[in-house]
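Asker: A single structure is presented below for examination.
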Amino acid sequence: MADLRADLGFLQLRNPVLTASGTFGYGMEFLSFLDLSAIGGIVVKGLYYGPREGNPPPRLVETASGLINAIGLPGVGVEHFAADVLPELRKHDATVIVNVCGDGDEEYFQVIEFLNRYDGIAAYELNISCPNVKLNGACPAMNPHMTRTIVATAKQRSRRPLVVKLSPNVTNIAEIARAAEDGGADGISLINTLLAMAVDLETRRPKLGNVFGGLSGPAIKPVALRMTYQVAQAVRIPIIGMGGICTGRDALEFMLVGARAVQVGTANFVDPAASVRIVHEIAEYCDARGIARVADIVGTLETNR
Amino acid sequence: MADLRADLGFLQLRNPVLTASGTFGYGMEFLSFLDLSAIGGIVVKGLYYGPREGNPPPRLVETASGLINAIGLPGVGVEHFAADVLPELRKHDATVIVNVCGDGDEEYFQVIEFLNRYDGIAAYELNISCPNVKLNGACPAMNPHMTRTIVATAKQRSRRPLVVKLSPNVTNIAEIARAAEDGGADGISLINTLLAMAVDLETRRPKLGNVFGGLSGPAIKPVALRMTYQVAQAVRIPIIGMGGICTGRDALEFMLVGARAVQVGTANFVDPAASVRIVHEIAEYCDARGIARVADIVGTLETNR
Amino acid sequence: MRHDPAARIIQKKTWGDFHLLRLESQALSSEAAPGQFLMVRTTDGYDPLLRRPISLHDAGGIGLEIFFRVAGRGTALLAAKKEGDILDCLGPLGKGFRLDGFGPDKTAWLVGGGRGIAPLFFLARTLLSKGAGVRVFYGGKTVSEIPLREKFESAGILLDCSTDDGSFGFAGLVTTLLEHELRAGRPDGFFACGPDPMMERAGRLALRLGLPAQLSLEAIMGCGFGVCWSCVHRIKKDNEGAWRKICEDGPVFGADEILWEEA
Amino acid sequence: MRHDPAARIIQKKTWGDFHLLRLESQALSSEAAPGQFLMVRTTDGYDPLLRRPISLHDAGGIGLEIFFRVAGRGTALLAAKKEGDILDCLGPLGKGFRLDGFGPDKTAWLVGGGRGIAPLFFLARTLLSKGAGVRVFYGGKTVSEIPLREKFESAGILLDCSTDDGSFGFAGLVTTLLEHELRAGRPDGFFACGPDPMMERAGRLALRLGLPAQLSLEAIMGCGFGVCWSCVHRIKKDNEGAWRKICEDGPVFGADEILWEEA
Ligand SMILES: Cc1cc2nc3c(=O)[nH]c(=O)nc-3n(C[C@H](O)[C@H](O)[C@H](O)COP(=O)(O)OP(=O)(O)OC[C@H]3O[C@@H](n4cnc5c(N)ncnc54)[C@H](O)[C@@H]3O)c2cc1C
Ligand SMILES: Cc1cc2nc3c(=O)[nH]c(=O)nc-3n(C[C@H](O)[C@H](O)[C@H](O)COP(=O)(O)OP(=O)(O)OC[C@H]3O[C@@H](n4cnc5c(N)ncnc54)[C@H](O)[C@@H]3O)c2cc1C
Ligand SMILES: Cc1cc2nc3c(=O)[nH]c(=O)nc-3n(C[C@H](O)[C@H](O)[C@H](O)COP(=O)(O)O)c2cc1C
Ligand SMILES: Cc1cc2nc3c(=O)[nH]c(=O)nc-3n(C[C@H](O)[C@H](O)[C@H](O)COP(=O)(O)O)c2cc1C
Ligand code: FES
Ligand code: FES
């Protein structure tokens, strides 16, 4: 069988398939569908410092080949996570990446410093798309300067590898990626959801309690793939691609444009075993074509440019 | 029957349904499916000053609930358009908006000044998403300053109302819309396509001759609706919304968030009579609910914000 | 909770917009309890993308049944399936009704409106088999919206029907019928399933009368197994109203647990 | 060019991946000519979004036929349709084969590979009815890929088959068979339909021998009626190679008009 290992430099994965933050809970919910050690790793639900309730419902609306969510990052907070969730995850031999959230830069650093003290975390994924309530909902991901600043401090405070997760809602994704790299990021993951909206014609109200939400799923794959490619051309640090991945072929397309690993998000809702199925599909693809190491596909897209 | 007229201020339309540039040819191609005077108007294929060949094939790839095109704006150029196409369109009593393209600001102005001399054009739609080859593919739509500058000069050179068509590939669509308004735009239309990409795993090459292309269709509707709403909150000039509209209900959703008229694009490929069907569906919707004037729906979305 | 990508449709019945499918699936039926539900895929493609929650209408042996009404595109695709086709289902999901205490000396009243009748057949059968007394109140807008009358009756289940337009049975809402009957007698508890406004009415009635009631709620569900956090409802817990997941903590809640938003 | 949202499938035949559907549609069949095609919707939803181009395999009266091979999701959805189902079709589209001059004293050779055989049945019938002599060369990878043998034969059409693996008829490419036969005799022209490489070989052969040939090309089509400009191919015109639309100016072009890209 093909060698599926993925080398992120700062982290070696059994295979290139991770699950995306917010779509895989804290992992335990999936134990009846798969073995957490059969996938490359899991990125847990976004964690703020304290527990959070999330947005008022409705929180989700389906769209053509996608969905918009405005869940609003409910979660248990770092203390509960460290005390109750982490030990469980360690029992299941899962590679765990923590998606770090914050309302304002300081909270991000608090989460990181708190978690620094606990074992069983392979890396942090800095979710720089969290709205900063004081800045009227702006987020660090919107601006190269803010990105560089928050990444630099987060890196300094972290005793673990730092992956920075980019928002697609920007004019120039390569510029933001370079800012993250300049700030000292060990890796880049992308894309988070596309800012979107849905309305109900009968009630004349937004379909989401929060008015706006984030679009994910197959609908956004073409945009995600483009951005992954652009970022791969722009930075030297490893890239984890995502956005609408539902099959092994989808995953391999992200690798072809330059991602060393991928994350599976929305597909987990439709098929709880999607991530492990995708691992198998990647293996089958490689085996059928005599590709000895899946890593050999990374970034091999040929263009005439 | 409900009063379907749409008042754009600078232009009165029979009804709010226009066809989107590049998806309706020069109009004639649709004569076996509909009567051009039955719809609000048509926005013709993007016109550069001279004739253009467009991009190498493949030029189109289907994606989940959408398609990516990299047609590359082939067209006949202004002379041929004015001499041969315009007179035909006038015979069919169509309200014609010309989508103005340019590689660099100067070409836009040349197209406008040339067309100023001909009758039968209701307005110009400035397609500020055209890549400027000298600026490495950047387009005016990416930047508020460039937008304001080109709009101001175009407005000055134009003897007709000027609609500015925005690109969705930006961090802050409201800011660009305000720049267009400041520059003197009479209206805003949005969205153009989302920059996207598709690759072929077997050949390891991009699926489009041009590598990148623009995503359109139902997949992008949630993003288009969000941006239309944001722009409606930001400017006072009339807005024409588009992006994935396939049904009367889709069209009404754009009106609900603030568009006075809409454009139908990709749907024309699937159902050549889509635009006129949408007019009927809007009328039926209003009649079934006793809405006397469709214009009364515009911008009536209620949010608690 | 299991995933059966190929539960076979072995029987189909249709009454206008309403459809009953009998499926064959060892995996899904073996753990099934009344009040639980399946998440059903309606297409192999990506549009619609999400599965649809559908209650277990009945289960036993290797068979199970679902009963649904066409509400939109997903259920329309389901309705187009034919005998011999296969369905991709996850389930059984959720916690279902709590039946402890409902034995031979107890009576339960079951109240279902429209498609809300779906889980009550399985529930009624199970209660009867535990020896409890069962009475079902079944309401719809008009007579064609209460197509399962004969099915309940031939299963020997005591049935009272209502229609809003009076075309069959009691004329009025099924909750009004219930209220009416509660003046004549009292069950040991009731179970209800239906649209939100009906659940609210039934819940407030139960509280007013101090009668234990279990209500099955609906919500838009992204996953059905507790990971997306889309299906939340305010539920009382430790005297606070927290958002709880309907798919995992429910869909059945006690009338005294549910917090209704003030109008 | 007409839009029939509900052409009814009145007959269906299947050979492995290959399917033949007989449709009933006055609107579509009345103007049909060989070499033209339909744009067929494969789902009511948005995924897949676009229609699929499928040639007219035959047409007459109010009936028409399509013959296709499952190539991906769209054609798989088409293949799942049953007798009695309806298809939403646009057509007939494109210019088709130019038959002027092919009368009683002329002979035409028709060359089809795989699914490329589809338009040649209608073409063969039409040529025969004009009195022309017709000979069909039909190739596939293996015997199961040339399922229409009997259909051609029972229509009295002279047929030569080839398979790449030699499992039936001539062993080799159908263009090699053609080349072979061209040494023994010459038709007044030939017509070909198949994958691009086959078209290129057939086209170059025609030019070398100075034989008039018409080739039916394929391309990814966004609309099928000339508005999206996605289906272009380099075609000679006024001595220049311009991008021309296959859907509108073709799909059939003269071998001397087509510019093949240098490898
Ligand atoms: C636990 C549970 C059990 C259910 N059991 C049954 C059953 O046994 N039989 C049955 O007929 N229906 C049942 N439903 C409702 C059923 O899930 C919805 O009717 C279905 O999801 C609608 O899908 P659609 O694609 O046809 O409609 P859509 O086009 O998605 O929507 C049509 C309308 O239904 C609303 N809707 C969408 N999803 C839901 C949902 N999950 N719950 C409530 N309203 C929704 C939409 O807002 C819209 O107004 C159940 C729902 C839940 C949550
Ligand atoms: C004018 C014309 C007439 C045709 N007539 C027939 C016919 O009579 N019978 C028949 O079986 N097929 C015919 N085809 C080919 C048929 O249209 C494609 O096989 C079909 O569109 C593939 O759709 P899909 O969703 O099944 O595959 P997809 O999943 O869309 O694609 C599968 C593979 O086919 C390729 N492909 C997609 N669209 C086309 C296309 N339009 N042309 C060529 N390759 C494509 C893709 O690049 C991919 O490699 C015709 C094509 C054209 C242009
Ligand atoms: C319900 C839901 C919740 C999410 N929560 C988070 C989150 O907590 N943190 C984060 O960085 N991204 C979150 N995301 C974004 C996903 O991790 C992912 O970036 C995005 O959905 C695109 O991938 P997909 O198309 O495969 O879902 C969430 C997405 C969904 C659908
Ligand atoms: C094939 C194609 C060609 C297009 N050509 C143009 C064009 O010439 N000028 C322009 O401003 N927009 C062009 N567009 C963008 C559309 O006008 C429209 O903004 C976009 O497709 C979103 O709408 P839709 O989802 O309804 O298609 C084109 C879109 C497509 C699909
Ligand atoms: S439906 Fe996903 S958590 Fe309940
Ligand atoms: S397919 Fe659209 S122009 Fe030919």
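Quick note on naming: the chains in the structure tokens go A, B, ... in the order shown, residues restart at 1 in each chain, and ligands are numbered from 1 in order of appearance.
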Quick one: which residues from chain C are at most 9 Å off chain D, using only C-alpha atoms, as a PDB file with N, CA, C and O atoms, in the first residue's frame?

Answerer:
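Full text of selection.pdb as output:
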```
ATOM      1  N   GLY C  45     -26.142  13.084  -4.889  1.00  0.00           N
ATOM      2  CA  GLY C  45     -25.408  14.295  -5.259  1.00  0.00           C
ATOM      3  C   GLY C  45     -25.244  15.217  -4.061  1.00  0.00           C
ATOM      4  O   GLY C  45     -25.438  14.815  -2.912  1.00  0.00           O
ATOM      5  N   TYR C  46     -24.896  16.472  -4.350  1.00  0.00           N
ATOM      6  CA  TYR C  46     -24.640  17.437  -3.279  1.00  0.00           C
ATOM      7  C   TYR C  46     -25.780  18.438  -3.098  1.00  0.00           C
ATOM      8  O   TYR C  46     -25.612  19.426  -2.393  1.00  0.00           O
ATOM      9  N   ASP C  47     -26.882  18.225  -3.764  1.00  0.00           N
ATOM     10  CA  ASP C  47     -27.965  19.195  -3.648  1.00  0.00           C
ATOM     11  C   ASP C  47     -29.296  18.479  -3.626  1.00  0.00           C
ATOM     12  O   ASP C  47     -29.700  17.962  -4.663  1.00  0.00           O
ATOM     13  N   PRO C  48     -30.020  18.383  -2.528  1.00  0.00           N
ATOM     14  CA  PRO C  48     -29.651  18.902  -1.213  1.00  0.00           C
ATOM     15  C   PRO C  48     -28.495  18.126  -0.589  1.00  0.00           C
ATOM     16  O   PRO C  48     -28.369  16.921  -0.778  1.00  0.00           O
ATOM     17  N   ARG C  73     -37.850  20.030  -0.966  1.00  0.00           N
ATOM     18  CA  ARG C  73     -37.155  19.244  -1.969  1.00  0.00           C
ATOM     19  C   ARG C  73     -36.660  17.889  -1.465  1.00  0.00           C
ATOM     20  O   ARG C  73     -36.738  16.891  -2.176  1.00  0.00           O
TER      21      ARG C  73
END
```

Asker: What are the residues of chain A that have an atom within 6 Å of an atom of chain C, counting only C-alpha atoms, as a PyMOL selection string?

Answerer: chain A and resi 23-25+59-60+64-65+269-270

Asker: Select, as an MDAnalysis selection string, those residues of chain B with any atom no more than 8 Å from chain A (distances computed using only C-alpha atoms).

Answerer: chainID B and resid 63:66 68 142 169:172 194:201 204:206 211:212 215 218:220 222:227 249 252:253 256 300:303

Asker: Counting only C-alpha atoms, which residue out of D:Gly250, D:Pro197, D:Gly241, D:Gly35 sits closest to Glu53 (chain B)?

Answerer: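 Using only C-alpha atoms, Glu53 (chain B) sits closest to D:Gly241.
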
Asker: Please return the superposed copy of chain B as a short mmCIF file (atom, residue, chain, number, x, y, z; two decimals) with C-alpha atoms, in the first residue's frame; the fit should be least squares onto chain A across all sequentially paired Cα atoms.

Answerer:
```cif
data_model
loop_
_atom_site.label_atom_id
_atom_site.label_comp_id
_atom_site.auth_asym_id
_atom_site.auth_seq_id
_atom_site.Cartn_x
_atom_site.Cartn_y
_atom_site.Cartn_z
CA MET B 1 0.02 0.00 0.02
CA ALA B 2 1.10 3.53 -0.71
CA ASP B 3 2.93 5.45 1.98
CA LEU B 4 0.32 7.92 3.19
CA ARG B 5 2.38 9.82 5.74
CA ALA B 6 2.24 13.58 5.64
CA ASP B 7 5.22 15.60 6.79
CA LEU B 8 4.24 19.04 7.97
CA GLY B 9 7.75 19.76 9.12
CA PHE B 10 6.63 20.64 12.63
CA LEU B 11 4.42 17.57 12.79
CA GLN B 12 4.37 14.11 11.22
CA LEU B 13 0.95 12.71 10.45
CA ARG B 14 -0.05 9.09 9.78
CA ASN B 15 -1.92 10.32 6.76
CA PRO B 16 -2.90 13.71 5.33
CA VAL B 17 -6.56 13.71 6.42
CA LEU B 18 -7.56 15.81 9.42
CA THR B 19 -11.03 16.81 10.48
CA ALA B 20 -11.91 20.50 10.40
CA SER B 21 -12.68 22.53 13.47
CA GLY B 22 -16.34 22.82 14.42
CA THR B 23 -17.41 19.89 12.31
CA PHE B 24 -16.09 17.06 14.43
CA GLY B 25 -16.99 18.16 17.96
CA TYR B 26 -14.28 17.13 20.37
CA GLY B 27 -13.91 13.84 18.51
CA MET B 28 -15.76 11.56 20.93
CA GLU B 29 -19.04 11.97 19.07
CA PHE B 30 -17.57 9.98 16.18
CA LEU B 31 -16.33 6.95 18.05
CA SER B 32 -19.18 4.77 16.82
CA PHE B 33 -18.19 5.54 13.23
CA LEU B 34 -14.43 5.45 13.18
CA ASP B 35 -11.20 4.96 15.03
CA LEU B 36 -9.58 8.32 15.83
CA SER B 37 -6.15 6.86 15.21
CA ALA B 38 -7.08 5.92 11.64
CA ILE B 39 -7.04 9.51 10.47
CA GLY B 40 -4.23 12.03 10.35
CA GLY B 41 -5.64 13.97 13.25
CA ILE B 42 -8.49 16.03 14.52
CA VAL B 43 -8.85 19.75 14.90
CA VAL B 44 -11.23 20.28 17.78
CA LYS B 45 -14.04 22.82 18.00
CA GLY B 46 -12.91 26.40 18.41
CA LEU B 47 -11.98 27.16 22.03
CA TYR B 48 -12.35 30.52 23.70
CA TYR B 49 -10.98 30.94 27.20
CA GLY B 50 -14.31 30.60 28.95
CA PRO B 51 -17.41 28.59 28.08
CA ARG B 52 -19.68 30.18 25.48
CA GLU B 53 -23.29 29.69 24.53
CA GLY B 54 -23.16 30.53 20.83
CA ASN B 55 -25.70 32.39 18.72
CA PRO B 56 -29.48 32.31 18.91
CA PRO B 57 -31.14 29.79 16.54
CA PRO B 58 -31.79 29.26 13.70
CA ARG B 59 -28.11 28.53 13.37
CA LEU B 60 -27.93 26.68 10.10
CA VAL B 61 -29.46 26.89 6.67
CA GLU B 62 -28.90 24.69 3.70
CA THR B 63 -28.02 26.22 0.35
CA ALA B 64 -27.25 24.77 -3.08
CA SER B 65 -24.49 22.21 -2.45
CA GLY B 66 -23.58 23.93 0.77
CA LEU B 67 -24.71 25.21 4.10
CA ILE B 68 -24.44 28.44 6.01
CA ASN B 69 -23.72 28.19 9.71
CA ALA B 70 -23.98 30.81 12.37
CA ILE B 71 -23.38 28.50 15.29
CA GLY B 72 -21.31 31.17 16.97
CA LEU B 73 -18.63 28.97 18.51
CA PRO B 74 -20.35 27.57 21.59
CA GLY B 75 -17.87 25.61 23.64
CA VAL B 76 -16.75 24.41 27.01
CA GLY B 77 -13.78 26.71 27.53
CA VAL B 78 -10.18 25.77 28.21
CA GLU B 79 -10.51 24.51 31.76
CA HIS B 80 -13.16 21.97 31.06
CA PHE B 81 -11.41 21.00 27.82
CA ALA B 82 -8.10 20.36 29.55
CA ALA B 83 -9.63 18.54 32.49
CA ASP B 84 -12.22 16.36 30.77
CA VAL B 85 -11.75 16.23 27.02
CA LEU B 86 -8.00 16.01 26.52
CA PRO B 87 -7.48 12.91 28.68
CA GLU B 88 -10.16 11.08 26.71
CA LEU B 89 -8.62 12.04 23.38
CA ARG B 90 -5.24 10.80 24.57
CA LYS B 91 -6.73 7.41 25.34
CA HIS B 92 -7.83 7.13 21.73
CA ASP B 93 -4.39 7.90 20.36
CA ALA B 94 -5.68 10.88 18.37
CA THR B 95 -3.39 13.57 17.04
CA VAL B 96 -5.06 16.67 18.42
CA ILE B 97 -4.85 20.21 17.10
CA VAL B 98 -6.66 22.88 19.10
CA ASN B 99 -8.47 25.62 17.21
CA VAL B 100 -7.77 28.76 19.24
CA CYS B 101 -10.32 31.57 19.33
CA GLY B 102 -10.44 34.96 20.93
CA ASP B 103 -12.48 38.11 21.10
CA GLY B 104 -9.53 40.46 20.79
CA ASP B 105 -5.87 39.39 20.65
CA GLU B 106 -5.41 38.96 24.37
CA GLU B 107 -7.90 36.13 24.68
CA TYR B 108 -6.07 34.11 22.01
CA PHE B 109 -2.87 34.38 24.03
CA GLN B 110 -4.67 33.38 27.23
CA VAL B 111 -6.02 30.25 25.59
CA ILE B 112 -2.55 29.34 24.32
CA GLU B 113 -0.82 29.97 27.62
CA PHE B 114 -3.39 27.99 29.52
CA LEU B 115 -3.13 25.03 27.16
CA ASN B 116 0.67 25.16 27.04
CA ARG B 117 0.58 23.46 30.43
CA TYR B 118 -1.21 20.34 29.21
CA ASP B 119 0.11 17.44 27.22
CA GLY B 120 -1.58 15.76 24.32
CA ILE B 121 -1.85 18.71 21.96
CA ALA B 122 0.15 18.48 18.74
CA ALA B 123 -0.31 22.06 17.55
CA TYR B 124 -2.48 25.12 17.79
CA GLU B 125 -4.56 26.38 14.91
CA LEU B 126 -5.08 30.11 15.31
CA ASN B 127 -8.59 30.93 14.12
CA ILE B 128 -7.97 34.54 13.15
CA SER B 129 -11.47 34.88 11.68
CA CYS B 130 -13.13 35.35 15.08
CA PRO B 131 -15.05 38.62 15.12
CA ASN B 132 -13.63 41.19 17.50
CA VAL B 133 -16.66 42.70 19.14
CA LYS B 134 -14.79 45.87 20.13
CA LEU B 135 -13.64 46.43 16.56
CA ASN B 136 -17.19 46.13 15.25
CA GLY B 137 -16.80 42.54 14.11
CA ALA B 138 -13.53 43.02 12.25
CA CYS B 139 -11.16 40.07 12.56
CA PRO B 140 -7.38 39.86 12.33
CA ALA B 141 -7.66 37.75 9.16
CA MET B 142 -8.89 40.76 7.20
CA ASN B 143 -5.69 42.68 7.29
CA PRO B 144 -2.02 41.73 6.83
CA HIS B 145 -0.82 44.00 9.60
CA MET B 146 -3.25 42.62 12.18
CA THR B 147 -2.44 39.11 11.05
CA ARG B 148 1.29 39.59 11.39
CA THR B 149 0.95 41.16 14.84
CA ILE B 150 -1.28 38.54 16.37
CA VAL B 151 0.70 35.68 14.86
CA ALA B 152 4.01 37.05 16.12
CA THR B 153 2.79 37.33 19.70
CA ALA B 154 0.92 34.02 19.60
CA LYS B 155 4.04 32.29 18.33
CA GLN B 156 6.09 33.84 21.09
CA ARG B 157 3.64 32.74 23.79
CA SER B 158 3.17 29.26 22.38
CA ARG B 159 5.33 26.30 23.25
CA ARG B 160 3.83 24.40 20.34
CA PRO B 161 3.75 24.64 16.55
CA LEU B 162 1.36 27.30 15.36
CA VAL B 163 -0.85 26.88 12.30
CA VAL B 164 -2.70 30.00 11.20
CA LYS B 165 -6.15 29.51 9.69
CA LEU B 166 -7.04 32.07 7.06
CA SER B 167 -10.35 33.58 6.10
CA PRO B 168 -11.33 33.56 2.41
CA ASN B 169 -13.16 36.87 2.75
CA VAL B 170 -10.22 38.95 1.58
CA THR B 171 -9.00 40.61 -1.58
CA ASN B 172 -5.53 39.14 -1.50
CA ILE B 173 -5.13 35.83 0.29
CA ALA B 174 -1.47 35.50 -0.64
CA GLU B 175 -0.67 38.75 1.14
CA ILE B 176 -2.35 37.57 4.35
CA ALA B 177 -0.54 34.24 4.10
CA ARG B 178 2.79 36.01 3.76
CA ALA B 179 1.96 38.16 6.76
CA ALA B 180 1.31 35.01 8.78
CA GLU B 181 4.57 33.50 7.56
CA ASP B 182 6.43 36.70 8.42
CA GLY B 183 4.84 36.66 11.85
CA GLY B 184 6.38 33.24 12.44
CA ALA B 185 3.59 30.81 11.64
CA ASP B 186 4.73 27.21 11.28
CA GLY B 187 1.93 26.42 8.85
CA ILE B 188 -1.15 27.83 7.17
CA SER B 189 -4.58 26.26 7.00
CA LEU B 190 -7.33 27.52 4.74
CA ILE B 191 -10.10 28.23 4.00
CA ASN B 192 -12.51 29.13 6.73
CA THR B 193 -16.10 29.80 5.60
CA LEU B 194 -17.24 32.42 3.08
CA LEU B 195 -19.35 35.14 4.66
CA ALA B 196 -22.91 34.57 3.48
CA MET B 197 -26.57 35.20 4.14
CA ALA B 198 -29.99 33.72 3.53
CA VAL B 199 -33.40 35.29 3.93
CA ASP B 200 -36.94 34.06 4.32
CA LEU B 201 -39.25 35.65 1.80
CA GLU B 202 -42.38 34.94 3.82
CA THR B 203 -41.30 36.34 7.18
CA ARG B 204 -39.00 38.91 5.51
CA ARG B 205 -36.38 38.08 8.06
CA PRO B 206 -32.89 36.59 7.85
CA LYS B 207 -32.90 32.81 8.03
CA LEU B 208 -30.14 32.88 10.65
CA GLY B 209 -30.49 34.27 14.13
CA ASN B 210 -27.18 36.03 13.59
CA VAL B 211 -28.14 37.47 10.15
CA PHE B 212 -24.75 36.54 8.64
CA GLY B 213 -23.12 33.13 8.63
CA GLY B 214 -20.36 31.15 6.98
CA LEU B 215 -20.81 29.14 3.80
CA SER B 216 -19.14 25.72 3.62
CA GLY B 217 -19.44 22.49 1.66
CA PRO B 218 -18.95 21.46 -1.98
CA ALA B 219 -20.25 24.83 -3.22
CA ILE B 220 -17.06 26.56 -2.01
CA LYS B 221 -14.51 24.01 -3.21
CA PRO B 222 -13.58 25.93 -6.38
CA VAL B 223 -12.78 29.04 -4.34
CA ALA B 224 -10.92 27.06 -1.68
CA LEU B 225 -8.80 25.29 -4.26
CA ARG B 226 -7.90 28.57 -5.94
CA MET B 227 -6.84 30.14 -2.64
CA THR B 228 -4.87 27.09 -1.59
CA TYR B 229 -2.99 27.26 -4.87
CA GLN B 230 -2.34 30.99 -4.52
CA VAL B 231 -1.04 30.57 -0.98
CA ALA B 232 1.13 27.64 -2.01
CA GLN B 233 2.73 29.92 -4.60
CA ALA B 234 3.27 32.63 -1.99
CA VAL B 235 4.74 31.00 1.10
CA ARG B 236 7.27 28.35 1.99
CA ILE B 237 5.66 26.99 5.15
CA PRO B 238 3.43 23.89 4.89
CA ILE B 239 -0.21 24.31 3.95
CA ILE B 240 -3.31 22.45 5.07
CA GLY B 241 -6.11 22.85 2.56
CA MET B 242 -9.86 22.58 3.04
CA GLY B 243 -13.22 23.67 1.73
CA GLY B 244 -15.84 21.27 0.42
CA ILE B 245 -13.72 18.14 0.52
CA CYS B 246 -16.02 15.11 0.32
CA THR B 247 -13.97 12.44 -1.46
CA GLY B 248 -10.44 11.16 -1.77
CA ARG B 249 -10.21 12.81 -5.18
CA ASP B 250 -11.22 16.17 -3.69
CA ALA B 251 -8.49 15.78 -1.07
CA LEU B 252 -5.90 14.88 -3.71
CA GLU B 253 -6.83 17.96 -5.73
CA PHE B 254 -5.89 20.16 -2.77
CA MET B 255 -2.62 18.27 -2.48
CA LEU B 256 -1.98 18.67 -6.19
CA VAL B 257 -2.18 22.47 -5.86
CA GLY B 258 0.18 22.43 -2.90
CA ALA B 259 -1.44 21.32 0.36
CA ARG B 260 0.55 18.79 2.38
CA ALA B 261 -2.53 17.81 4.34
CA VAL B 262 -6.24 18.52 4.21
CA GLN B 263 -9.16 18.97 6.53
CA VAL B 264 -12.61 17.52 6.08
CA GLY B 265 -15.42 19.68 7.41
CA THR B 266 -19.05 19.72 6.34
CA ALA B 267 -18.75 16.24 4.84
CA ASN B 268 -18.60 14.83 8.38
CA PHE B 269 -22.23 15.83 8.87
CA VAL B 270 -23.41 13.95 5.82
CA ASP B 271 -21.19 10.92 6.31
CA PRO B 272 -19.77 10.62 9.81
CA ALA B 273 -17.09 8.23 8.53
CA ALA B 274 -16.12 10.59 5.69
CA SER B 275 -12.62 11.29 6.99
CA VAL B 276 -11.59 7.66 7.22
CA ARG B 277 -13.31 6.85 3.93
CA ILE B 278 -11.26 9.61 2.34
CA VAL B 279 -8.06 8.07 3.73
CA HIS B 280 -9.01 4.80 2.04
CA GLU B 281 -9.92 6.48 -1.21
CA ILE B 282 -6.56 8.25 -1.29
CA ALA B 283 -4.78 4.95 -0.74
CA GLU B 284 -6.79 3.27 -3.48
CA TYR B 285 -6.07 6.08 -5.88
CA CYS B 286 -2.33 5.86 -5.27
CA ASP B 287 -2.25 2.08 -5.41
CA ALA B 288 -4.18 1.95 -8.67
CA ARG B 289 -1.61 4.26 -10.24
CA GLY B 290 1.50 2.91 -8.63
CA ILE B 291 2.13 6.10 -6.67
CA ALA B 292 4.38 4.96 -3.84
CA ARG B 293 4.09 8.01 -1.60
CA VAL B 294 1.11 10.34 -1.56
CA ALA B 295 3.48 13.15 -0.58
CA ASP B 296 4.90 12.95 -4.09
CA ILE B 297 1.70 14.48 -5.43
CA VAL B 298 1.99 17.64 -3.35
CA GLY B 299 2.36 20.73 -5.50
CA THR B 300 2.88 18.87 -8.77
CA LEU B 301 0.29 20.83 -10.71
CA GLU B 302 1.65 21.79 -14.11
CA THR B 303 0.65 25.09 -15.58
CA ASN B 304 2.09 26.83 -18.58
CA ARG B 305 2.47 30.02 -16.62
#
```

Asker: Excluding region 18-28 of chain C and residues on its chain fewer than 5 positions from it, collect all residues at most 6 Å away from it, counting only C-alpha atoms, and give them as a list of chain:residue names.

Answerer: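 Counting only the stated atoms, we get C:Ala7, C:Arg8, C:Ile9, C:Ile10, C:Gln11, C:Lys12, C:Lys13, C:Ile62, C:Gly63, C:Leu64, C:Glu65, C:Ile66, C:Phe67, C:Phe68, C:Arg69, C:Gly91.
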
Asker: As a list in words, please: every residue in region 5-38 of chain D that DSSP puts in strand (DSSP E).

Answerer: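 Here is the list: Pro5, Ala6, Ala7, Arg8, Ile9, Ile10, Gln11, Lys12, Lys13, Thr14, Trp15, Phe18, His19, Leu20, Leu21, Arg22, Leu23, Glu24, Phe37 and Leu38 of chain D.
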
Asker: Could you pull out the helix (DSSP H, G or I) residues of region 47-227 of chain D from DSSP and send them as a ChimeraX atom specification?

Answerer: /D:73-79,114-129,143-145,149-154,174-184,196-209

Asker: Can you pull out the residues contacting Gly116 (chain C)? Cut-off 12 Å, using only C-alpha atoms, and skip same-chain residues under 5 positions away; I want them as a ChimeraX atom specification.

Answerer: /C:18,35,54-57,66-69,110-111,121,137-140,145-146,148,174,191-196,198-199,215-218
